[in-house]
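Input: a single structure, listed below in structure tokens.
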There are 4 protein chains.
Amino acid sequence: MIFERVESEGLAHYSYIVGDGGEAAVIDPRRDCDVYLDLARKAGMRIASILETHRNEDYVVGSAELADRTGASVHHADSQLDYRYGEPVEDGQTWKVGRLELTALHTPGHTPGHMSYFLRDPDGEPWVVFTGDSLFAGDLGRVDLLGEESMHELAGLMYDSIHDRLLQLGDGVIVCPAHGEGSVCGSAIAERTWTTIGLERAQNPKLQLGSREEFIRAVAVTGERPPYFERMERWNLEGAPSLGRVPSPPALSPDAFAEAMGGAVVVDTRTELAFGSAHVPGAQSLWLEGLASFGGWYLPHDTPLLLVGRSNDVEEEVRRLLRMGYDDVAGYLGGGMLRWHMAGKASARIRTYTVHDICRFLDEGNELSILDVRSDEENDATTIPDALHIHLTELPERLGEVPRDGTLYVFCGSGLRSMVAASYLRRQGFNDLVVILGGLAGWKSTACPLEL
Amino acid sequence: MIFERVESEGLAHYSYIVGDGGEAAVIDPRRDCDVYLDLARKAGMRIASILETHRNEDYVVGSAELADRTGASVHHADSQLDYRYGEPVEDGQTWKVGRLELTALHTPGHTPGHMSYFLRDPDGEPWVVFTGDSLFAGDLGRVDLLGEESMHELAGLMYDSIHDRLLQLGDGVIVCPAHGEGSVCGSAIAERTWTTIGLERAQNPKLQLGSREEFIRAVAVTGERPPYFERMERWNLEGAPSLGRVPSPPALSPDAFAEAMGGAVVVDTRTELAFGSAHVPGAQSLWLEGLASFGGWYLPHDTPLLLVGRSNDVEEEVRRLLRMGYDDVAGYLGGGMLRWHMAGKASARIRTYTVHDICRFLDEGNELSILDVRSDEENDATTIPDALHIHLTELPERLGEVPRDGTLYVFCGSGLRSMVAASYLRRQGFNDLVVILGGLAGWKSTACPLEL
Amino acid sequence: MIFERVESEGLAHYSYIVGDGGEAAVIDPRRDCDVYLDLARKAGMRIASILETHRNEDYVVGSAELADRTGASVHHADSQLDYRYGEPVEDGQTWKVGRLELTALHTPGHTPGHMSYFLRDPDGEPWVVFTGDSLFAGDLGRVDLLGEESMHELAGLMYDSIHDRLLQLGDGVIVCPAHGEGSVCGSAIAERTWTTIGLERAQNPKLQLGSREEFIRAVAVTGERPPYFERMERWNLEGAPSLGRVPSPPALSPDAFAEAMGGAVVVDTRTELAFGSAHVPGAQSLWLEGLASFGGWYLPHDTPLLLVGRSNDVEEEVRRLLRMGYDDVAGYLGGGMLRWHMAGKASARIRTYTVHDICRFLDEGNELSILDVRSDEENDATTIPDALHIHLTELPERLGEVPRDGTLYVFCGSGLRSMVAASYLRRQGFNDLVVILGGLAGWKSTACPLEL
Amino acid sequence: MIFERVESEGLAHYSYIVGDGGEAAVIDPRRDCDVYLDLARKAGMRIASILETHRNEDYVVGSAELADRTGASVHHADSQLDYRYGEPVEDGQTWKVGRLELTALHTPGHTPGHMSYFLRDPDGEPWVVFTGDSLFAGDLGRVDLLGEESMHELAGLMYDSIHDRLLQLGDGVIVCPAHGEGSVCGSAIAERTWTTIGLERAQNPKLQLGSREEFIRAVAVTGERPPYFERMERWNLEGAPSLGRVPSPPALSPDAFAEAMGGAVVVDTRTELAFGSAHVPGAQSLWLEGLASFGGWYLPHDTPLLLVGRSNDVEEEVRRLLRMGYDDVAGYLGGGMLRWHMAGKASARIRTYTVHDICRFLDEGNELSILDVRSDEENDATTIPDALHIHLTELPERLGEVPRDGTLYVFCGSGLRSMVAASYLRRQGFNDLVVILGGLAGWKSTACPLEL
């Protein structure tokens, strides 16, 4: 028997493979699906079924790809939608996987046709429930993605799904959701990487809300929606273009890179320090670990991307991009910035200050024009006085609010998101920018006149 | 934050590393401890503490080794014992690991000083309990290892530990024991690889027993005790000899191997088919996956071992042996049996029959003298009529019961353990042996006159 | 600068990648071409050119596949042929790869349009010559593959190519051929894995032949030609079907495997010992390392293959098969023979004797009917008296010569090829077969009455 | 048979393993010797002999370590020295390794007792010569390391070794030296990674010198001698301290790192861009690929080192350091500079200019005070007018020549060495430093008034 979780970092996406007696099932696979084939092969198992918990919007589900490579049958939740491949799932439908048994559990809320899958162990006893985007550790799936008009109704359905179905499974049952901490699908997902019905009943803030009405009021709120969701939703109905393998974009010489920049967007996945020090003019900073969280707000789908990676090995960058439907990576800068500079190419920089530099600056009686790109939750927890607060994801649409004269000091929690923001502002014509290294965490660790 | 389980296959031993804020703790490490260093390094963490749940007897605990390599402090449960290194743990003692908190929970039963460790998550909420050899999935730790005289008292303590301490943590808490299915430390460990207080409360057969008395009667039973436990117990008090690294025993030519055989035991880890076909005369069959379960009954500690591996890469064999204190592997047969035969060396074989061969043989009116080496539990479930039943682990001491004349047909579940038994019998002078391929599983899948 | 040899084991095929200044060229790539992409990526280089030394017949050249994945241009030697893709090469044509320079050198003989490629190092000095199938270490490419009628003319051209072109490059130049020892393309390739013009001038037996006429007489001889060459030749003109990736055939349960056997050939890549002990009835033994050398004689292209591998990981088997155009692997036996037997399936065996068993048998005055499947060269070196000698590759067409009554003792050098032969004979209805373990090597290491 | 080259990057050190018939020999092993054990194991071979070509001074030879782990015998060249382990080699001494044969060839010059090892292939024919530090591709070993007084005599011996012994082996013989391009042991080693007697005879500049006298004049020149050579020479006689394994220094939190800095030197192996942007105050820049070439000039042996690595995985850094005898790595900064800044720690920066910035600056009529740290050879090829030229390796001893007032613009070929120099100057109290990104390569690729 096998039971494994596969985590896709960046997206904080969890998928699962369970198998017994020579057969396996995969729940919510990702698109670069070799990992499931490898796990199945190691166990001598054939992947026979692919189960989706809902029509995903934050990543390209790998069902079509994995079915192509294995002949497995695909089972779609949200069967009210017009899928172009696979079969619809019904509440109560069961799958035998050797001695294991999976049962579909209609748990609407995040979507109207959302399914959870309840797993019985080899002895036929309750064991695990795959909850998709309904119940997370410490949070619930969002109900606003279908629009403001339906979110109150969905919130009510979510309440019923949680209380009437999932909590009925018993406190000991292990909860396996589709996302962990860091996902755009839940802003408050807890860090406990494994959880249970009992832990959620006791600790999940949204399960502490008294009445159905109170719950709906708290849960039916609109959140952010990255532009790339649109392609995800469409592709997940049609079946995304077949990959076959993870593509290997070519190394480009500085000259070839410079030439290709004409119709492309340059994405630089290095640290905030290296980027600040020197980058290809016009590049968008998106440090690797932040690529999945923020790439969807800053990268277009209809334009080729060019990469400046952390090294010549950009496979991880390519994987993370194609999980979000960015299939068109036209190449990467072979030899990186070193070769760029050795070819005599010009580069740009963005100034960085440590919190000590800022301290000194303030000590000298200066004033700071601060742009704070942390999230609303972070801002609520600690507000920076007199700062302009715009969450990183809202910057493109609220660009008009950002002052264009004087030096702008960009703050976030650590300096990473600040560089994403600063590089975007630079692309929009802002020139006098300073990124604060260490961000608010650094600030709080230092004695300084800026009281928060 | 990290929270990872490290599984040592064969022993079915689970150890754990948890870390936050740059520090990590390891619970019940194994001896070849690179795996913890790699996980810590990947996370940029320093291993600061090593916690033991009890004085282990089924494997060499890696505390001394890991402390050597990291400077971590070692904390011993069973502090009544005379440890030569590390520090004793007290009930209620706590460790902060970044935002995580571990609390020692005295849970006697398996041993008098057994400790569990209760883990609070980054938000300070109940999360996980590391139960060592007290509470397993579907089973409990044995109480007979300190001797028959104390086992009733220990069983009572176990009852109290389970009911008064562990079950009080709440059904949602995740249970992380020191062993999974396949361990010699619990014959009935369930296959569910992750479990919780709630699942155990509902499903663990030993938690369904009504009263403390009933529980003691059911749990206070003597089990098997492999001879190698003695060294484990001693080494785990003294601190096992330092390894530094996994040793690389030399490849030996057929001539050098033959010469070294004088004072050594040959261990052959290939499949039952390859072993039956041809093996170095005198070799003991112990297929790789069975090495940890059965090696302790068949291999001496005071004699060098020589390996015939599945390939020239015997690292996995060496790792599994040193976890059981078999440090003296004098070499392996370079090039395997092919080179042995090409050097003109003689080999031995053990006959193998499929169940079809047996069928035919019985159809012709013949009688079989069967030795069944399955466990008592398996025998209780399906008894082979007229067979001599001796569990594989008891064969050495009950050798006198095995008939020496006529052909002996050796049965187990699949054929693997039969070959271990047959090779042992061959070493003891039995010559007319047949191993049944597929074993009882094969038999049950076939129509045949041998009714069971 | 990079200069790497990529060896494809089994075929003993050597390909090469050279690169400088951000660009790379590949000579005679194989079909599973990830390896070149990985090497190029590590160096931050783009694969710009693919050079073929001749129209290959012993493997599927990866030019089309690699061009698909990189956009590299393909350059064909043997440009008299009707290629459906790529461009013809002319004698003297040059390619700049950064500071390196490659020059095409027309070296007919193996084929009429065979090209070698001469490489100048970063300083513009003579360095390496890629000789394809013209000059090997210790041997030359065959001249008989286009038919007996043209081989004398080609032998003459080969003489001229060697003497007038390659030897003129200077003794210090490093020779990089397309094959090493073990290839079907040269029966006498030496074991020295790197060689030079000077070493070949002095040591290559075929360069010691005095006159052009003597050379032609010695070199223009017909050799064996595996049936699979036909597909290779066709595909290498058309461009082989695109793979995209190495396929992952599914694990099959014993029942599914048994069912699929209807229209398929079962290939078993385990050792001779495991195969002899038990195999799926009707299976063809082809131990992994011998798959490329002998598979082409025993496996059809128009029938699906089913694998019984050394483990559940059959990737290496699949790679070796697709290099020879066997793309249709329908699955493998998940869990191997153990699961087969546990499912109650019948298996077959082939008896194996050590040379000691044979000795004893002869000592008792018995006579042996021996089939010797070693090569002609091996037979010339040591002839087994009274044996029927048929090289393994000729067995299918000379099947009528093999006696069908009495026990047939099958001999080779080690026992591996004997099992290939015996399993083939078994498939043709021969039932009384014995494979000699250790083969002639074992025999020679033992004192025994069979004088050779 | 196996014949493999093992390259230690950074040092550009080549070692070799050859094996046949179950035994292997290693020539000039490195200290982290797992790589040889892995190669031997894969081939089923036992490492029986270790051959040294000379008493090495640029790295810790791994003979003692490898002998410890394998029981192999160690054979020392330079047997006039007082070795504390192993056995002396004599000219003409031979070793059989299966069918291979190695013969010691006294080739004094680099050292008085230097030995080459001539390898005959499995057929007994000349094949390869391991030339240690006598004959390199395009260069010869230095003769000045024993002091100026003996270097003329050694140069003469080198002439004789080359002409009377090595060149006599024949042009076709493959030359396998102990170093490739980039080694401190030869400033002019060519980029051709494989070479032969013939290529060297024709192309090696030092083999083109007419007479013995001319040769001596050209070759007997003193070069640079990194301070760390002293420990190397001593350890290579005594046998270096046993490692057992590659150590895993602990991750340190910013606080712990800051505290440990008291008695330690901080080594930062990140790129010049990241270092320039922000580094721990007082850190020495030594980008990873330059660590072996320049570390020996800037790092003390008697002080612990602390690492700021490219990531949390500092194994490669640790390996490169211990090959040079830097065994005392006290830890690394877990989480890197990001965590440092988030902990509110202060960092330092060094300004970087692209060549375009410089251009603009010059266009405006400014003057530059340039420090050029390229090598003498590079300076001879292209001299920067009015620059102060001090090779990076001479900077510590010529520190007094560097002007302390005004801005100092530091130049090298690419910007990497400039940052090493600049960080050293900063540690010595220089504050107004600018590193030129792209260095001379960038300059030459750009139209600009600084004429060179």
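Residue numbering restarts at 1 for every chain of the structure tokens, chains are lettered A, B, ... in their displayed order, and ligands are numbered from 1 as they appear.
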
Which residues of chain D come within 6 Å of chain C, and for each one, what is the closest pair of atoms and their distance in Å to one decimal, counting only C-alpha atoms, sorted by chain and residue number, as a tab-separated table?
```
residue	atom	partner	partner_atom	distance
D:Asp171	CA	C:Gly172	CA	5.2
D:Gly172	CA	C:Gly198	CA	3.7
D:Thr196	CA	C:Gly172	CA	5.5
D:Gly198	CA	C:Gly172	CA	3.7
D:Leu199	CA	C:Gly172	CA	4.8
```

Take the selection from the previous step and output its residues with N, CA, C and O atoms, as a compact mmCIF listing (two decimals), in the first residue's frame.
```txt
# COMPACT_ATOMS: atom_id res chain seq x y z
N ASP D 171 54.16 9.25 -29.89
CA ASP D 171 53.19 10.35 -30.03
C ASP D 171 51.77 9.95 -29.72
O ASP D 171 50.95 10.76 -29.32
N GLY D 172 51.46 8.69 -29.93
CA GLY D 172 50.07 8.28 -29.75
C GLY D 172 49.65 8.10 -28.31
O GLY D 172 48.46 7.99 -28.01
N THR D 196 47.84 14.33 -25.68
CA THR D 196 48.68 13.19 -26.02
C THR D 196 50.13 13.67 -26.12
O THR D 196 50.42 14.87 -26.19
N GLY D 198 51.93 13.37 -28.70
CA GLY D 198 52.08 14.03 -30.00
C GLY D 198 51.58 15.46 -30.00
O GLY D 198 52.22 16.36 -30.57
N LEU D 199 50.43 15.68 -29.38
CA LEU D 199 49.91 17.05 -29.33
C LEU D 199 50.85 17.95 -28.55
O LEU D 199 51.08 19.10 -28.92
```

Check your understanding: Residues of range 190-344 of chain B in helix (DSSP H, G or I) according to DSSP, as an MDAnalysis selection string?
Key -> chainID B and resid 197:203 205:207 212:219 229:238 254:263 272:277 288:298 315:322 336:342

Study note, to complete from the structure: Between CA of His75 in chain B and CA of Val184 in chain B lies a distance of 24.6 Å

Exercise for review: Give me every strand (DSSP E or B) residue in range 201-365 of chain D, going by DSSP on the backbone, as number ranges by chain.
Suggested key: D: 251-252, 265-268, 279, 284-285, 305-308, 329-333, 348, 351-354

Exercise for review: Write out as a PyMOL selection string the residues lying within 12 Å of Leu11 in chain C, counting only C-alpha atoms and excluding same-chain residues fewer than 5 positions away.
Suggested key: chain C and resi 6+30+57-60+178-186+288-296+319-324

Practice item. Fewer than 5 positions away in the same chain doesn't count, so skip those; otherwise give me all residues within 8 Å of Val308 in chain C, counting only C-alpha atoms, as a PyMOL selection string. Key: chain C and resi 266-270+332-333+336-337

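The two atoms in question, CA of His54 in chain D and CA of Glu90 in chain D, are spaced 12.4 Å apart.
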
Practice item. Excluding Asp82 in chain B and any residue of its chain fewer than 2 positions from it, enumerate the residues within 7 Å of it, using only C-alpha atoms, and give them as a PyMOL selection string. Key: chain B and resi 80+84+237

Requested write-out: N, CA and C atoms of the selected residues, as a JSON list (two decimals), in the first residue's frame:
```json
[["chain", "number", "residue", "atom", "x", "y", "z"],
["B", 80, "GLN", "N", 16.13, 5.70, 34.71],
["B", 80, "GLN", "CA", 16.55, 4.83, 35.82],
["B", 80, "GLN", "C", 17.77, 4.00, 35.39],
["B", 84, "ARG", "N", 25.67, 6.08, 29.81],
["B", 84, "ARG", "CA", 27.03, 6.59, 29.87],
["B", 84, "ARG", "C", 27.20, 7.93, 29.15],
["B", 237, "LEU", "N", 22.86, 1.87, 25.94],
["B", 237, "LEU", "CA", 23.25, 2.50, 27.21],
["B", 237, "LEU", "C", 24.65, 3.11, 27.12]]
```
